[in-house]
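Below is the file run-v9.txt, which contains compact mmCIF, N, CA and C atoms.
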```txt
# COMPACT_ATOMS: atom_id res chain seq x y z
N MET T 1 -15.40 18.34 8.31
CA MET T 1 -14.51 17.81 7.30
C MET T 1 -14.73 16.30 7.16
N ALA T 2 -14.70 15.80 5.95
CA ALA T 2 -14.94 14.39 5.67
C ALA T 2 -13.73 13.55 6.06
N ILE T 3 -14.00 12.32 6.48
CA ILE T 3 -12.94 11.38 6.84
C ILE T 3 -13.17 10.10 6.05
N CYS T 4 -12.14 9.67 5.33
CA CYS T 4 -12.18 8.41 4.60
C CYS T 4 -11.39 7.38 5.40
N LYS T 5 -12.04 6.29 5.77
CA LYS T 5 -11.35 5.22 6.48
C LYS T 5 -10.81 4.22 5.47
N ILE T 6 -9.52 3.96 5.56
CA ILE T 6 -8.85 3.01 4.69
C ILE T 6 -8.35 1.87 5.57
N GLU T 7 -8.77 0.65 5.24
CA GLU T 7 -8.34 -0.53 5.99
C GLU T 7 -7.56 -1.43 5.05
N ARG T 8 -6.39 -1.86 5.49
CA ARG T 8 -5.59 -2.76 4.68
C ARG T 8 -5.55 -4.14 5.31
N SER T 9 -5.86 -5.14 4.50
CA SER T 9 -5.68 -6.53 4.92
C SER T 9 -5.13 -7.26 3.70
N GLY T 10 -3.94 -7.79 3.83
CA GLY T 10 -3.30 -8.44 2.70
C GLY T 10 -2.93 -7.43 1.64
N ASN T 11 -3.26 -7.74 0.39
CA ASN T 11 -2.89 -6.88 -0.73
C ASN T 11 -4.02 -5.98 -1.18
N LEU T 12 -5.05 -5.83 -0.35
CA LEU T 12 -6.20 -5.03 -0.73
C LEU T 12 -6.48 -3.94 0.29
N LEU T 13 -7.04 -2.84 -0.20
CA LEU T 13 -7.49 -1.74 0.64
C LEU T 13 -9.01 -1.70 0.57
N ARG T 14 -9.64 -1.38 1.68
CA ARG T 14 -11.09 -1.18 1.70
C ARG T 14 -11.34 0.26 2.14
N LEU T 15 -12.04 1.02 1.29
CA LEU T 15 -12.35 2.42 1.58
C LEU T 15 -13.82 2.55 1.94
N THR T 16 -14.11 3.42 2.88
CA THR T 16 -15.49 3.63 3.28
C THR T 16 -16.32 4.12 2.10
N PRO T 17 -17.63 3.84 2.11
CA PRO T 17 -18.51 4.24 0.99
C PRO T 17 -18.51 5.76 0.78
N GLY T 18 -18.77 6.14 -0.48
CA GLY T 18 -18.95 7.55 -0.79
C GLY T 18 -17.84 8.19 -1.59
N TYR T 19 -16.81 7.46 -1.96
CA TYR T 19 -15.67 8.06 -2.65
C TYR T 19 -15.47 7.54 -4.07
N LYS T 20 -16.42 6.78 -4.57
CA LYS T 20 -16.29 6.20 -5.91
C LYS T 20 -16.17 7.28 -6.97
N THR T 21 -17.08 8.24 -6.97
CA THR T 21 -17.08 9.28 -7.99
C THR T 21 -15.80 10.09 -7.96
N LEU T 22 -15.34 10.40 -6.76
CA LEU T 22 -14.13 11.21 -6.62
C LEU T 22 -12.89 10.47 -7.12
N LEU T 23 -12.79 9.17 -6.84
CA LEU T 23 -11.59 8.42 -7.19
C LEU T 23 -11.65 7.78 -8.58
N ALA T 24 -12.85 7.64 -9.16
CA ALA T 24 -12.97 6.94 -10.44
C ALA T 24 -12.14 7.60 -11.53
N ARG T 25 -12.03 8.92 -11.51
CA ARG T 25 -11.25 9.62 -12.54
C ARG T 25 -9.76 9.36 -12.43
N HIS T 26 -9.31 8.86 -11.29
CA HIS T 26 -7.88 8.69 -11.06
C HIS T 26 -7.45 7.23 -10.96
N LEU T 27 -8.39 6.31 -10.87
CA LEU T 27 -8.05 4.90 -10.69
C LEU T 27 -8.54 4.07 -11.88
N PHE T 28 -8.08 4.41 -13.05
CA PHE T 28 -8.43 3.63 -14.24
C PHE T 28 -7.33 3.77 -15.29
N PHE T 29 -7.37 2.88 -16.24
CA PHE T 29 -6.53 3.04 -17.43
C PHE T 29 -7.40 2.71 -18.63
N GLU T 30 -6.99 3.20 -19.78
CA GLU T 30 -7.77 2.96 -20.98
C GLU T 30 -7.17 1.80 -21.76
N ARG T 31 -7.97 0.79 -21.96
CA ARG T 31 -7.54 -0.36 -22.73
C ARG T 31 -7.78 -0.06 -24.21
N ARG T 32 -6.74 -0.17 -25.00
CA ARG T 32 -6.81 0.15 -26.43
C ARG T 32 -7.06 -1.14 -27.21
N GLU T 33 -8.11 -1.12 -28.02
CA GLU T 33 -8.44 -2.28 -28.84
C GLU T 33 -8.61 -1.82 -30.28
N LYS T 34 -8.07 -2.61 -31.19
CA LYS T 34 -8.18 -2.27 -32.60
C LYS T 34 -9.62 -2.54 -33.05
N SER T 35 -10.24 -1.53 -33.64
CA SER T 35 -11.63 -1.68 -34.08
C SER T 35 -11.76 -1.59 -35.59
N GLY T 36 -10.70 -1.36 -36.28
CA GLY T 36 -10.72 -1.27 -37.74
C GLY T 36 -9.35 -0.91 -38.24
N TYR T 37 -9.25 -0.64 -39.53
CA TYR T 37 -7.95 -0.27 -40.11
C TYR T 37 -7.53 1.10 -39.56
N LYS T 38 -6.45 1.11 -38.81
CA LYS T 38 -5.89 2.31 -38.19
C LYS T 38 -6.86 3.03 -37.26
N THR T 39 -7.82 2.33 -36.76
CA THR T 39 -8.74 2.92 -35.78
C THR T 39 -8.76 2.05 -34.53
N TYR T 40 -8.89 2.70 -33.43
CA TYR T 40 -8.87 2.00 -32.15
C TYR T 40 -10.02 2.51 -31.28
N SER T 41 -10.49 1.63 -30.45
CA SER T 41 -11.47 2.06 -29.45
C SER T 41 -10.80 1.97 -28.09
N TYR T 42 -11.18 2.85 -27.22
CA TYR T 42 -10.60 2.89 -25.88
C TYR T 42 -11.69 2.60 -24.86
N THR T 43 -11.43 1.61 -24.04
CA THR T 43 -12.39 1.20 -23.02
C THR T 43 -11.78 1.47 -21.65
N PRO T 44 -12.45 2.26 -20.81
CA PRO T 44 -11.89 2.48 -19.47
C PRO T 44 -11.98 1.21 -18.63
N THR T 45 -10.90 0.88 -17.98
CA THR T 45 -10.85 -0.27 -17.08
C THR T 45 -10.52 0.27 -15.69
N TYR T 46 -11.45 0.11 -14.76
CA TYR T 46 -11.26 0.67 -13.43
C TYR T 46 -10.43 -0.26 -12.57
N LEU T 47 -9.61 0.32 -11.73
CA LEU T 47 -8.69 -0.42 -10.88
C LEU T 47 -9.26 -0.66 -9.48
N PHE T 48 -10.57 -0.72 -9.39
CA PHE T 48 -11.22 -0.99 -8.11
C PHE T 48 -12.53 -1.70 -8.39
N ARG T 49 -13.10 -2.25 -7.34
CA ARG T 49 -14.46 -2.79 -7.44
C ARG T 49 -15.26 -2.25 -6.27
N GLU T 50 -16.56 -2.22 -6.46
CA GLU T 50 -17.44 -1.68 -5.43
C GLU T 50 -18.21 -2.81 -4.78
N ASN T 51 -18.21 -2.84 -3.47
CA ASN T 51 -18.98 -3.83 -2.72
C ASN T 51 -20.45 -3.42 -2.66
N GLU T 52 -21.30 -4.33 -2.21
CA GLU T 52 -22.72 -4.04 -2.10
C GLU T 52 -23.01 -2.89 -1.15
N ASP T 53 -22.18 -2.73 -0.12
CA ASP T 53 -22.38 -1.65 0.84
C ASP T 53 -21.82 -0.31 0.35
N GLY T 54 -21.24 -0.28 -0.84
CA GLY T 54 -20.71 0.97 -1.40
C GLY T 54 -19.23 1.19 -1.14
N SER T 55 -18.62 0.34 -0.32
CA SER T 55 -17.19 0.49 -0.06
C SER T 55 -16.41 0.07 -1.30
N LEU T 56 -15.22 0.63 -1.45
CA LEU T 56 -14.37 0.33 -2.59
C LEU T 56 -13.25 -0.60 -2.19
N ILE T 57 -12.94 -1.56 -3.03
CA ILE T 57 -11.80 -2.45 -2.85
C ILE T 57 -10.77 -2.08 -3.90
N VAL T 58 -9.58 -1.70 -3.42
CA VAL T 58 -8.52 -1.18 -4.29
C VAL T 58 -7.25 -1.97 -4.01
N PRO T 59 -6.45 -2.29 -5.03
CA PRO T 59 -5.16 -2.94 -4.78
C PRO T 59 -4.28 -2.06 -3.88
N ALA T 60 -3.60 -2.68 -2.93
CA ALA T 60 -2.80 -1.94 -1.96
C ALA T 60 -1.67 -1.16 -2.61
N GLY T 61 -1.23 -1.57 -3.78
CA GLY T 61 -0.18 -0.84 -4.48
C GLY T 61 -0.59 0.56 -4.90
N LEU T 62 -1.88 0.85 -4.87
CA LEU T 62 -2.38 2.18 -5.25
C LEU T 62 -2.62 3.08 -4.04
N LEU T 63 -2.15 2.66 -2.87
CA LEU T 63 -2.39 3.43 -1.64
C LEU T 63 -1.94 4.87 -1.77
N GLN T 64 -0.73 5.11 -2.25
CA GLN T 64 -0.23 6.48 -2.34
C GLN T 64 -1.05 7.33 -3.31
N ARG T 65 -1.51 6.71 -4.40
CA ARG T 65 -2.34 7.45 -5.36
C ARG T 65 -3.68 7.81 -4.74
N VAL T 66 -4.26 6.89 -3.97
CA VAL T 66 -5.54 7.16 -3.29
C VAL T 66 -5.37 8.28 -2.28
N ILE T 67 -4.33 8.20 -1.47
CA ILE T 67 -4.07 9.23 -0.45
C ILE T 67 -3.87 10.59 -1.11
N LYS T 68 -3.11 10.64 -2.19
CA LYS T 68 -2.86 11.90 -2.90
C LYS T 68 -4.16 12.54 -3.37
N GLN T 69 -5.06 11.74 -3.93
CA GLN T 69 -6.32 12.28 -4.44
C GLN T 69 -7.24 12.73 -3.31
N LEU T 70 -7.29 11.96 -2.24
CA LEU T 70 -8.14 12.35 -1.10
C LEU T 70 -7.63 13.65 -0.48
N LYS T 71 -6.32 13.78 -0.34
CA LYS T 71 -5.76 15.01 0.23
C LYS T 71 -6.00 16.20 -0.69
N ALA T 72 -5.99 15.97 -2.01
CA ALA T 72 -6.25 17.06 -2.96
C ALA T 72 -7.65 17.63 -2.78
N TYR T 73 -8.57 16.82 -2.28
CA TYR T 73 -9.94 17.28 -2.01
C TYR T 73 -10.16 17.58 -0.53
N ALA T 74 -9.08 17.74 0.22
CA ALA T 74 -9.12 18.10 1.64
C ALA T 74 -9.92 17.10 2.46
N ILE T 75 -9.73 15.82 2.17
CA ILE T 75 -10.41 14.76 2.92
C ILE T 75 -9.39 14.13 3.86
N ASP T 76 -9.73 14.08 5.14
CA ASP T 76 -8.86 13.45 6.12
C ASP T 76 -8.89 11.93 5.95
N ILE T 77 -7.79 11.29 6.34
CA ILE T 77 -7.65 9.86 6.15
C ILE T 77 -7.39 9.19 7.49
N GLU T 78 -8.10 8.12 7.74
CA GLU T 78 -7.86 7.27 8.90
C GLU T 78 -7.44 5.91 8.37
N TYR T 79 -6.17 5.54 8.58
CA TYR T 79 -5.60 4.33 7.98
C TYR T 79 -5.36 3.28 9.06
N ARG T 80 -5.80 2.05 8.78
CA ARG T 80 -5.54 0.92 9.68
C ARG T 80 -5.00 -0.24 8.88
N ASP T 81 -3.95 -0.85 9.39
CA ASP T 81 -3.31 -1.99 8.73
C ASP T 81 -3.58 -3.23 9.58
N TYR T 82 -4.35 -4.16 9.02
CA TYR T 82 -4.73 -5.37 9.74
C TYR T 82 -3.87 -6.57 9.38
N ARG T 83 -2.78 -6.34 8.65
CA ARG T 83 -1.91 -7.46 8.31
C ARG T 83 -1.17 -7.92 9.56
N LYS T 84 -0.93 -9.21 9.63
CA LYS T 84 -0.13 -9.74 10.73
C LYS T 84 1.34 -9.55 10.38
N SER T 85 2.13 -9.34 11.39
CA SER T 85 3.56 -9.18 11.18
C SER T 85 4.13 -10.44 10.55
N ARG T 86 4.92 -10.25 9.51
CA ARG T 86 5.52 -11.39 8.82
C ARG T 86 6.87 -11.77 9.43
N LEU T 87 7.43 -10.88 10.22
CA LEU T 87 8.74 -11.15 10.79
C LEU T 87 8.59 -11.80 12.16
N GLN T 88 9.39 -12.82 12.37
CA GLN T 88 9.40 -13.44 13.68
C GLN T 88 10.34 -12.66 14.58
N GLU T 89 10.01 -12.63 15.86
CA GLU T 89 10.86 -11.92 16.80
C GLU T 89 12.17 -12.68 16.97
N PRO T 90 13.29 -12.00 16.79
CA PRO T 90 14.57 -12.70 16.88
C PRO T 90 14.89 -13.11 18.31
N LYS T 91 15.68 -14.15 18.44
CA LYS T 91 16.12 -14.63 19.76
C LYS T 91 17.43 -13.94 20.11
N ILE T 92 17.27 -12.80 20.77
CA ILE T 92 18.44 -11.97 21.08
C ILE T 92 19.37 -12.64 22.08
N GLU T 93 18.82 -13.51 22.91
CA GLU T 93 19.67 -14.16 23.91
C GLU T 93 20.72 -15.06 23.27
N ASN T 94 20.52 -15.41 21.99
CA ASN T 94 21.51 -16.24 21.29
C ASN T 94 22.71 -15.43 20.81
N LEU T 95 22.60 -14.12 20.86
CA LEU T 95 23.70 -13.28 20.41
C LEU T 95 24.67 -13.06 21.58
N ASP T 96 25.91 -13.36 21.34
CA ASP T 96 26.89 -13.23 22.41
C ASP T 96 27.23 -11.78 22.70
N GLU T 97 27.63 -11.08 21.68
CA GLU T 97 28.11 -9.72 21.90
C GLU T 97 27.71 -8.84 20.71
N LEU T 98 27.01 -7.76 20.99
CA LEU T 98 26.62 -6.83 19.93
C LEU T 98 27.54 -5.62 19.97
N ARG T 99 27.86 -5.12 18.80
CA ARG T 99 28.65 -3.90 18.72
C ARG T 99 27.72 -2.69 18.84
N GLY T 100 28.28 -1.53 19.04
CA GLY T 100 27.50 -0.31 19.21
C GLY T 100 26.54 -0.05 18.05
N GLY T 101 25.30 0.18 18.38
CA GLY T 101 24.29 0.49 17.37
C GLY T 101 23.52 -0.72 16.87
N GLN T 102 24.10 -1.91 17.00
CA GLN T 102 23.40 -3.10 16.51
C GLN T 102 22.14 -3.40 17.32
N ASP T 103 22.18 -3.13 18.61
CA ASP T 103 20.99 -3.36 19.44
C ASP T 103 19.85 -2.42 19.04
N ASP T 104 20.19 -1.19 18.62
CA ASP T 104 19.17 -0.25 18.14
C ASP T 104 18.53 -0.74 16.85
N VAL T 105 19.35 -1.31 15.98
CA VAL T 105 18.83 -1.84 14.71
C VAL T 105 17.89 -3.00 14.99
N ILE T 106 18.26 -3.88 15.88
CA ILE T 106 17.41 -5.03 16.22
C ILE T 106 16.09 -4.55 16.81
N ALA T 107 16.14 -3.54 17.67
CA ALA T 107 14.91 -2.99 18.25
C ALA T 107 14.01 -2.40 17.17
N SER T 108 14.59 -1.74 16.18
CA SER T 108 13.80 -1.18 15.07
C SER T 108 13.17 -2.27 14.22
N ILE T 109 13.91 -3.34 14.00
CA ILE T 109 13.37 -4.46 13.22
C ILE T 109 12.18 -5.09 13.94
N ILE T 110 12.30 -5.25 15.25
CA ILE T 110 11.21 -5.84 16.02
C ILE T 110 9.97 -4.95 15.98
N GLY T 111 10.16 -3.65 16.00
CA GLY T 111 9.04 -2.72 16.06
C GLY T 111 8.37 -2.43 14.73
N ASN T 112 8.90 -2.93 13.62
CA ASN T 112 8.35 -2.63 12.30
C ASN T 112 8.17 -3.90 11.49
N ASP T 113 7.16 -3.90 10.63
CA ASP T 113 6.91 -5.04 9.78
C ASP T 113 7.85 -5.04 8.58
N GLU T 114 8.20 -3.87 8.10
CA GLU T 114 9.11 -3.73 6.96
C GLU T 114 10.11 -2.64 7.29
N CYS T 115 11.36 -2.84 6.93
CA CYS T 115 12.34 -1.80 7.18
C CYS T 115 13.54 -1.98 6.26
N ILE T 116 14.32 -0.94 6.15
CA ILE T 116 15.57 -0.97 5.39
C ILE T 116 16.69 -0.62 6.35
N ILE T 117 17.70 -1.45 6.37
CA ILE T 117 18.85 -1.19 7.23
C ILE T 117 19.89 -0.47 6.38
N GLU T 118 20.16 0.76 6.74
CA GLU T 118 21.18 1.55 6.04
C GLU T 118 22.35 1.73 6.98
N ALA T 119 23.44 1.04 6.67
CA ALA T 119 24.62 1.08 7.53
C ALA T 119 25.85 0.84 6.66
N PRO T 120 27.01 1.30 7.12
CA PRO T 120 28.24 1.14 6.33
C PRO T 120 28.70 -0.32 6.26
N THR T 121 29.61 -0.56 5.33
CA THR T 121 30.22 -1.89 5.19
C THR T 121 30.89 -2.27 6.50
N GLY T 122 30.71 -3.51 6.90
CA GLY T 122 31.32 -4.00 8.12
C GLY T 122 30.51 -3.75 9.38
N PHE T 123 29.33 -3.18 9.25
CA PHE T 123 28.48 -2.89 10.42
C PHE T 123 27.92 -4.17 11.03
N GLY T 124 27.69 -5.19 10.19
CA GLY T 124 27.14 -6.44 10.69
C GLY T 124 25.68 -6.63 10.31
N LYS T 125 25.27 -6.08 9.18
CA LYS T 125 23.88 -6.20 8.75
C LYS T 125 23.51 -7.67 8.55
N THR T 126 24.35 -8.44 7.90
CA THR T 126 24.06 -9.85 7.66
C THR T 126 23.98 -10.61 8.97
N PHE T 127 24.85 -10.31 9.90
CA PHE T 127 24.85 -10.94 11.20
C PHE T 127 23.58 -10.64 11.98
N ILE T 128 23.12 -9.39 11.89
CA ILE T 128 21.91 -8.97 12.61
C ILE T 128 20.69 -9.70 12.09
N ILE T 129 20.59 -9.81 10.78
CA ILE T 129 19.41 -10.44 10.17
C ILE T 129 19.50 -11.92 10.32
```
Would you mind writing the file out in structure tokens?
Amino acid sequence: MAICKIERSGNLLRLTPGYKTLLARHLFFERREKSGYKTYSYTPTYLFRENEDGSLIVPAGLLQRVIKQLKAYAIDIEYRDYRKSRLQEPKIENLDELRGGQDDVIASIIGNDECIIEAPTGFGKTFII
């Protein structure tokens, strides 16, 4: 079975060579340009570029679309994220007293680069952050 390696650094994805033909049908839009009275020409504009080594560079916002197409063709995916964590580790020793569950939320924030805190009013979300 084929394996596509996807590497993310910043806002771009790099895919291993060999998937251009498969993904080209799904990663483009047609630019409409007026070519005459009530006539238009459509030019395909691809949402990726190809490197000299054959690897594809794709905007990271299209990750889910790329994964969906690769899975549709039964291609396994190996994903690596090389972005550095943007969140600084909080200084927990500065917190005097945490209420139940707040320490779990802080541990989750430390362990993830991005997260959503879903908690009821009065839980202390603002205090935690």
* Could you give me, as number ranges by chain, the residues within 8 Å of region 99-106 of chain T, counting only C-alpha atoms and dropping anything in the same chain fewer than 3 positions from it? => T: 109-110, 117, 123-124, 128
Could you take the residues named above and write them with N, CA and C atoms, as a short mmCIF file (atom, residue, chain, number, x, y, z; two decimals), in the coordinates of the input?
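Dumped to out_17.cif:
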```cif
data_model
loop_
_atom_site.label_atom_id
_atom_site.label_comp_id
_atom_site.auth_asym_id
_atom_site.auth_seq_id
_atom_site.Cartn_x
_atom_site.Cartn_y
_atom_site.Cartn_z
N ILE T 109 13.91 -3.34 14.00
CA ILE T 109 13.37 -4.46 13.22
C ILE T 109 12.18 -5.09 13.94
N ILE T 110 12.30 -5.25 15.25
CA ILE T 110 11.21 -5.84 16.02
C ILE T 110 9.97 -4.95 15.98
N ILE T 117 17.70 -1.45 6.37
CA ILE T 117 18.85 -1.19 7.23
C ILE T 117 19.89 -0.47 6.38
N PHE T 123 29.33 -3.18 9.25
CA PHE T 123 28.48 -2.89 10.42
C PHE T 123 27.92 -4.17 11.03
N GLY T 124 27.69 -5.19 10.19
CA GLY T 124 27.14 -6.44 10.69
C GLY T 124 25.68 -6.63 10.31
N ILE T 128 23.12 -9.39 11.89
CA ILE T 128 21.91 -8.97 12.61
C ILE T 128 20.69 -9.70 12.09
#
```
* **Polymer residues at most 10 Å from Leu22 (chain T), only C-alpha atoms, same-chain spacing of 6 or more positions, as a ChimeraX atom specification** => /T:69-70,73
* Asked: Quick one: DSSP helix (DSSP H, G or I) residues in region 7-127 of chain T, as a ChimeraX atom specification?
  -> /T:20-24,60-72,92-94,102-111,125-127
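Taking only C-alpha atoms, the non-local environment of Ala24 (chain T) within 12 Å (same-chain residues fewer than 3 positions away omitted) comprises Gly18, Tyr19, Lys20, Thr21, Leu27, Phe28, Phe29, Pro44, Thr45, Tyr46, Leu47, Phe48, Arg49, Glu50, Leu56, Val58, Arg65, Val66, Gln69 and Leu70 of chain T.
Between CA of Thr43 (chain T) and CA of Leu13 (chain T) there is a distance of 24.3 Å.
Our summary of the geometry notes that atom N of Arg83 (chain T) is positioned 17.4 Å from atom C of Ser108 (chain T).
When CA of Ala60 (chain T) is paired with CA of Asp76 (chain T), their separation reads 18.4 Å.
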* Write out as a ChimeraX atom specification the residues lying within 5 Å of Pro59 (chain T), counting all atoms listed in the file and excluding same-chain residues fewer than 3 positions away. => /T:11-13,62
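Shortest atom-to-atom contact with Pro17 (chain T) among T:Asn112, T:Ser35, T:Thr126, T:Ser55: T:Ser55, counting all atoms listed in the file.
Minimum distance to Ala2 (chain T) across T:Ile77, T:Glu52, T:Thr39, T:Leu23 (counting only N, CA and C atoms) occurs at T:Ile77.
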* To do: Run DSSP on the backbone and grab whatever in chain T lands in strand (DSSP E or B); send it over as a ChimeraX atom specification.
  => /T:3-9,12-15,28-36,39-46,49-50,56-59,76-81
Could those selected residues go to a file with N, CA and C atoms, as a compact mmCIF listing (two decimals), in the coordinates of the input?
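out-v6.txt, freshly written:
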```
# COMPACT_ATOMS: atom_id res chain seq x y z
N ILE T 3 -14.00 12.32 6.48
CA ILE T 3 -12.94 11.38 6.84
C ILE T 3 -13.17 10.10 6.05
N CYS T 4 -12.14 9.67 5.33
CA CYS T 4 -12.18 8.41 4.60
C CYS T 4 -11.39 7.38 5.40
N LYS T 5 -12.04 6.29 5.77
CA LYS T 5 -11.35 5.22 6.48
C LYS T 5 -10.81 4.22 5.47
N ILE T 6 -9.52 3.96 5.56
CA ILE T 6 -8.85 3.01 4.69
C ILE T 6 -8.35 1.87 5.57
N GLU T 7 -8.77 0.65 5.24
CA GLU T 7 -8.34 -0.53 5.99
C GLU T 7 -7.56 -1.43 5.05
N ARG T 8 -6.39 -1.86 5.49
CA ARG T 8 -5.59 -2.76 4.68
C ARG T 8 -5.55 -4.14 5.31
N SER T 9 -5.86 -5.14 4.50
CA SER T 9 -5.68 -6.53 4.92
C SER T 9 -5.13 -7.26 3.70
N LEU T 12 -5.05 -5.83 -0.35
CA LEU T 12 -6.20 -5.03 -0.73
C LEU T 12 -6.48 -3.94 0.29
N LEU T 13 -7.04 -2.84 -0.20
CA LEU T 13 -7.49 -1.74 0.64
C LEU T 13 -9.01 -1.70 0.57
N ARG T 14 -9.64 -1.38 1.68
CA ARG T 14 -11.09 -1.18 1.70
C ARG T 14 -11.34 0.26 2.14
N LEU T 15 -12.04 1.02 1.29
CA LEU T 15 -12.35 2.42 1.58
C LEU T 15 -13.82 2.55 1.94
N PHE T 28 -8.08 4.41 -13.05
CA PHE T 28 -8.43 3.63 -14.24
C PHE T 28 -7.33 3.77 -15.29
N PHE T 29 -7.37 2.88 -16.24
CA PHE T 29 -6.53 3.04 -17.43
C PHE T 29 -7.40 2.71 -18.63
N GLU T 30 -6.99 3.20 -19.78
CA GLU T 30 -7.77 2.96 -20.98
C GLU T 30 -7.17 1.80 -21.76
N ARG T 31 -7.97 0.79 -21.96
CA ARG T 31 -7.54 -0.36 -22.73
C ARG T 31 -7.78 -0.06 -24.21
N ARG T 32 -6.74 -0.17 -25.00
CA ARG T 32 -6.81 0.15 -26.43
C ARG T 32 -7.06 -1.14 -27.21
N GLU T 33 -8.11 -1.12 -28.02
CA GLU T 33 -8.44 -2.28 -28.84
C GLU T 33 -8.61 -1.82 -30.28
N LYS T 34 -8.07 -2.61 -31.19
CA LYS T 34 -8.18 -2.27 -32.60
C LYS T 34 -9.62 -2.54 -33.05
N SER T 35 -10.24 -1.53 -33.64
CA SER T 35 -11.63 -1.68 -34.08
C SER T 35 -11.76 -1.59 -35.59
N GLY T 36 -10.70 -1.36 -36.28
CA GLY T 36 -10.72 -1.27 -37.74
C GLY T 36 -9.35 -0.91 -38.24
N THR T 39 -7.82 2.33 -36.76
CA THR T 39 -8.74 2.92 -35.78
C THR T 39 -8.76 2.05 -34.53
N TYR T 40 -8.89 2.70 -33.43
CA TYR T 40 -8.87 2.00 -32.15
C TYR T 40 -10.02 2.51 -31.28
N SER T 41 -10.49 1.63 -30.45
CA SER T 41 -11.47 2.06 -29.45
C SER T 41 -10.80 1.97 -28.09
N TYR T 42 -11.18 2.85 -27.22
CA TYR T 42 -10.60 2.89 -25.88
C TYR T 42 -11.69 2.60 -24.86
N THR T 43 -11.43 1.61 -24.04
CA THR T 43 -12.39 1.20 -23.02
C THR T 43 -11.78 1.47 -21.65
N PRO T 44 -12.45 2.26 -20.81
CA PRO T 44 -11.89 2.48 -19.47
C PRO T 44 -11.98 1.21 -18.63
N THR T 45 -10.90 0.88 -17.98
CA THR T 45 -10.85 -0.27 -17.08
C THR T 45 -10.52 0.27 -15.69
N TYR T 46 -11.45 0.11 -14.76
CA TYR T 46 -11.26 0.67 -13.43
C TYR T 46 -10.43 -0.26 -12.57
N ARG T 49 -13.10 -2.25 -7.34
CA ARG T 49 -14.46 -2.79 -7.44
C ARG T 49 -15.26 -2.25 -6.27
N GLU T 50 -16.56 -2.22 -6.46
CA GLU T 50 -17.44 -1.68 -5.43
C GLU T 50 -18.21 -2.81 -4.78
N LEU T 56 -15.22 0.63 -1.45
CA LEU T 56 -14.37 0.33 -2.59
C LEU T 56 -13.25 -0.60 -2.19
N ILE T 57 -12.94 -1.56 -3.03
CA ILE T 57 -11.80 -2.45 -2.85
C ILE T 57 -10.77 -2.08 -3.90
N VAL T 58 -9.58 -1.70 -3.42
CA VAL T 58 -8.52 -1.18 -4.29
C VAL T 58 -7.25 -1.97 -4.01
N PRO T 59 -6.45 -2.29 -5.03
CA PRO T 59 -5.16 -2.94 -4.78
C PRO T 59 -4.28 -2.06 -3.88
N ASP T 76 -9.73 14.08 5.14
CA ASP T 76 -8.86 13.45 6.12
C ASP T 76 -8.89 11.93 5.95
N ILE T 77 -7.79 11.29 6.34
CA ILE T 77 -7.65 9.86 6.15
C ILE T 77 -7.39 9.19 7.49
N GLU T 78 -8.10 8.12 7.74
CA GLU T 78 -7.86 7.27 8.90
C GLU T 78 -7.44 5.91 8.37
N TYR T 79 -6.17 5.54 8.58
CA TYR T 79 -5.60 4.33 7.98
C TYR T 79 -5.36 3.28 9.06
N ARG T 80 -5.80 2.05 8.78
CA ARG T 80 -5.54 0.92 9.68
C ARG T 80 -5.00 -0.24 8.88
N ASP T 81 -3.95 -0.85 9.39
CA ASP T 81 -3.31 -1.99 8.73
C ASP T 81 -3.58 -3.23 9.58
```
